[in-house]
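For reference, the structure discussed in these notes is given below.
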Amino acid sequence: MTRAGHNPLAAGPRRFYDRFMPKRIEILKQFSIAVGTAAALLLLGGCVSSKAPAGDRHLTLHGKPFHAPSLLKHVVRKRHDPIVVVYKLTLPVGTFSANRKVWRQLNENVVGARTTVLLAENGLRAGEAPRVRWPAIARLINVQGSLNQPIICKSNGRSALTLLTRKNVQSEIVAYIDHTQHQVCRTYVDCDDGLMMAMRLVDGGRATQVALEPVVHLGTVSFKRNGMHLGIAGGVRPLIKPFAGLQLAVVVRRKHFLVVCPAAPKKDKFSIGSQFLSHTQTLPTTETVLVFVPVRKK
């Protein structure tokens, strides 16, 4: 505040600017930082699936790769809400899928014998292991060109979310084998490939059941009902084509992790595993490995 009877402009506009404007600018900066922080916490608190900050995206594969990103502390979690951190690894083709030393560390029988055979017929491979085995696996796959992107997934135990693994696909042909051993071919245009994921806590919260199902997103559909119908009058819903015969459900115990990757990207080019979890049509050829890690927030 100015003194009574004192005109701050009497000393000249330059002195007035030098004296009062820096304080005003500093106040505006503090106000902007406070508003930005509050808005970020409000938005992140209600997310079902959220990516980690830029500083946490390029995590090294050595050390402790299963340390939850700093964003986890802003996720509002109820007592029975499961949280799973999905590490999306992008590696050169064959780095993980064709490495026998890596698969010696994993237990593929956790998904069951019939499911293991069905996954292999569709170009997919899955396994589970304790977290203490990850450092040995990381040393085998930490090659030049590898990328690790963590994604935090939160659910109420009754809803599902979609992990997109391949976006903006112009056209593709998918050949898959269903649970009746029939081979089916599908053709899609302008779509996104991914895995629908559902999760819930089991065994008194000591384990997390993770259910996965391949899906294709074909965009959205607008719908509207007349006034005679009850419920939702209209809106927009996603157009999803699922592969219901390829559902995978695994109970991941505490301090364990689940891995899903393509089985043979170079050999089975039209299988679900190759189409959804690899890029072999462009250089450099890469494969996508998904590591599911249940997190128990304190």
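Residue names in the structure tokens use chain letters A, B, ... in the order shown, residue numbers from 1 in each chain, and ligand numbers from 1 in the order shown.
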(message) Considering only alpha helix (DSSP H) as DSSP defines it on the backbone, what residues of segment 92-267 of chain A qualify? List them as a VMD selection string.
(response) chain A and resid 100 to 103 113 to 121 134 to 141
(request) May I have the residues within 12 Å of Gln183 of chain A as a PyMOL selection string, using only C-alpha atoms and disregarding those fewer than 4 positions away in the same chain? (result) chain A and resi 118+121-122+174-179+245+270-271
Could you dump the residues just selected with N, CA and C atoms as a PDB file, in the first residue's frame?
```
ATOM      1  N   LEU A 118      -3.675 -72.541 -26.905  1.00  0.00           N
ATOM      2  CA  LEU A 118      -4.495 -71.625 -27.692  1.00  0.00           C
ATOM      3  C   LEU A 118      -3.774 -70.309 -27.945  1.00  0.00           C
ATOM      4  N   GLU A 121      -1.158 -70.865 -30.657  1.00  0.00           N
ATOM      5  CA  GLU A 121      -1.752 -70.948 -31.987  1.00  0.00           C
ATOM      6  C   GLU A 121      -2.131 -69.581 -32.537  1.00  0.00           C
ATOM      7  N   ASN A 122      -2.299 -68.606 -31.672  1.00  0.00           N
ATOM      8  CA  ASN A 122      -2.646 -67.247 -32.090  1.00  0.00           C
ATOM      9  C   ASN A 122      -1.486 -66.271 -31.940  1.00  0.00           C
ATOM     10  N   VAL A 174      -6.358 -60.246 -39.909  1.00  0.00           N
ATOM     11  CA  VAL A 174      -6.080 -60.995 -38.691  1.00  0.00           C
ATOM     12  C   VAL A 174      -6.614 -62.411 -38.864  1.00  0.00           C
ATOM     13  N   ALA A 175      -5.745 -63.392 -38.717  1.00  0.00           N
ATOM     14  CA  ALA A 175      -6.139 -64.808 -38.756  1.00  0.00           C
ATOM     15  C   ALA A 175      -5.981 -65.379 -37.357  1.00  0.00           C
ATOM     16  N   TYR A 176      -7.061 -65.902 -36.815  1.00  0.00           N
ATOM     17  CA  TYR A 176      -6.987 -66.440 -35.450  1.00  0.00           C
ATOM     18  C   TYR A 176      -7.751 -67.754 -35.378  1.00  0.00           C
ATOM     19  N   ILE A 177      -7.448 -68.509 -34.342  1.00  0.00           N
ATOM     20  CA  ILE A 177      -8.077 -69.801 -34.076  1.00  0.00           C
ATOM     21  C   ILE A 177      -8.845 -69.686 -32.769  1.00  0.00           C
ATOM     22  N   ASP A 178     -10.141 -69.995 -32.803  1.00  0.00           N
ATOM     23  CA  ASP A 178     -10.956 -69.862 -31.605  1.00  0.00           C
ATOM     24  C   ASP A 178     -10.877 -71.119 -30.746  1.00  0.00           C
ATOM     25  N   HIS A 179     -11.656 -71.144 -29.671  1.00  0.00           N
ATOM     26  CA  HIS A 179     -11.594 -72.267 -28.729  1.00  0.00           C
ATOM     27  C   HIS A 179     -12.157 -73.552 -29.312  1.00  0.00           C
ATOM     28  N   GLY A 245     -13.110 -65.684 -27.804  1.00  0.00           N
ATOM     29  CA  GLY A 245     -12.545 -67.002 -27.562  1.00  0.00           C
ATOM     30  C   GLY A 245     -11.118 -67.006 -27.076  1.00  0.00           C
ATOM     31  N   PHE A 270       0.277 -62.824 -39.634  1.00  0.00           N
ATOM     32  CA  PHE A 270      -1.145 -62.490 -39.597  1.00  0.00           C
ATOM     33  C   PHE A 270      -1.820 -62.932 -38.293  1.00  0.00           C
ATOM     34  N   SER A 271      -1.066 -63.433 -37.343  1.00  0.00           N
ATOM     35  CA  SER A 271      -1.652 -63.835 -36.069  1.00  0.00           C
ATOM     36  C   SER A 271      -1.945 -62.604 -35.209  1.00  0.00           C
TER      37      SER A 271
END
```
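Each of A:Thr285, A:Phe292, A:Ser171, A:Pro130 was checked against Val210 of chain A using only C-alpha atoms; the smallest atom-to-atom distance is that of A:Phe292.
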(message) As an exercise, work out the distance from atom CA of Thr165 of chain A to atom CA of Val84 of chain A in Å and give it to one decimal place.
(response)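 About the pair atom CA of Thr165 of chain A and atom CA of Val84 of chain A: they are 16.7 Å apart.
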(message) For a test of reading the model, state the distance in Å between atom CA of Arg125 of chain A and atom CA of Lys241 of chain A, rounded to one decimal.
(response)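 Interatomic distance, atom CA of Arg125 of chain A to atom CA of Lys241 of chain A: 21.5 Å.
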(message) So, with only C-alpha atoms as the atoms that count, which of A:Trp103, A:Cys153, A:Arg186, A:Gly194 lies closest to Ile141 of chain A?
(response)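 Among the listed residues, the smallest separation from Ile141 of chain A belongs to A:Trp103.
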(request) Could you tell me, as JSON, numbers by chain, which residues of segment 96-288 of chain A DSSP assigns to strand (DSSP E or B) when given the backbone? (result) {"A": [107, 124, 125, 126, 127, 128, 129, 130, 147, 148, 149, 150, 151, 152, 153, 154, 160, 161, 162, 163, 164, 165, 166, 167, 168, 169, 170, 171, 172, 173, 174, 175, 176, 177, 183, 184, 185, 186, 187, 188, 189, 190, 191, 192, 193, 194, 195, 196, 197, 198, 199, 200, 201, 202, 207, 208, 209, 210, 211, 212, 213, 214, 215, 216, 217, 218, 219, 220, 221, 222, 223, 224, 234, 235, 236, 237, 238, 239, 240, 241, 242, 248, 249, 250, 251, 252, 253, 256, 257, 258, 259, 260, 261, 262, 278, 279, 286, 287, 288]}
(request) Calculate how many Å separate atom CA of Phe243 of chain A from atom CA of Leu212 of chain A, rounding to one decimal. (result)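 These atoms are spaced 10.3 Å apart.
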(request) Go through A:Val102, A:Ile173, A:Leu283, A:Val295 one by one, measure the shortest atom-to-atom distance of each to Asp190 of chain A using only C-alpha atoms, and give the residue with the smallest value. (result) A:Ile173
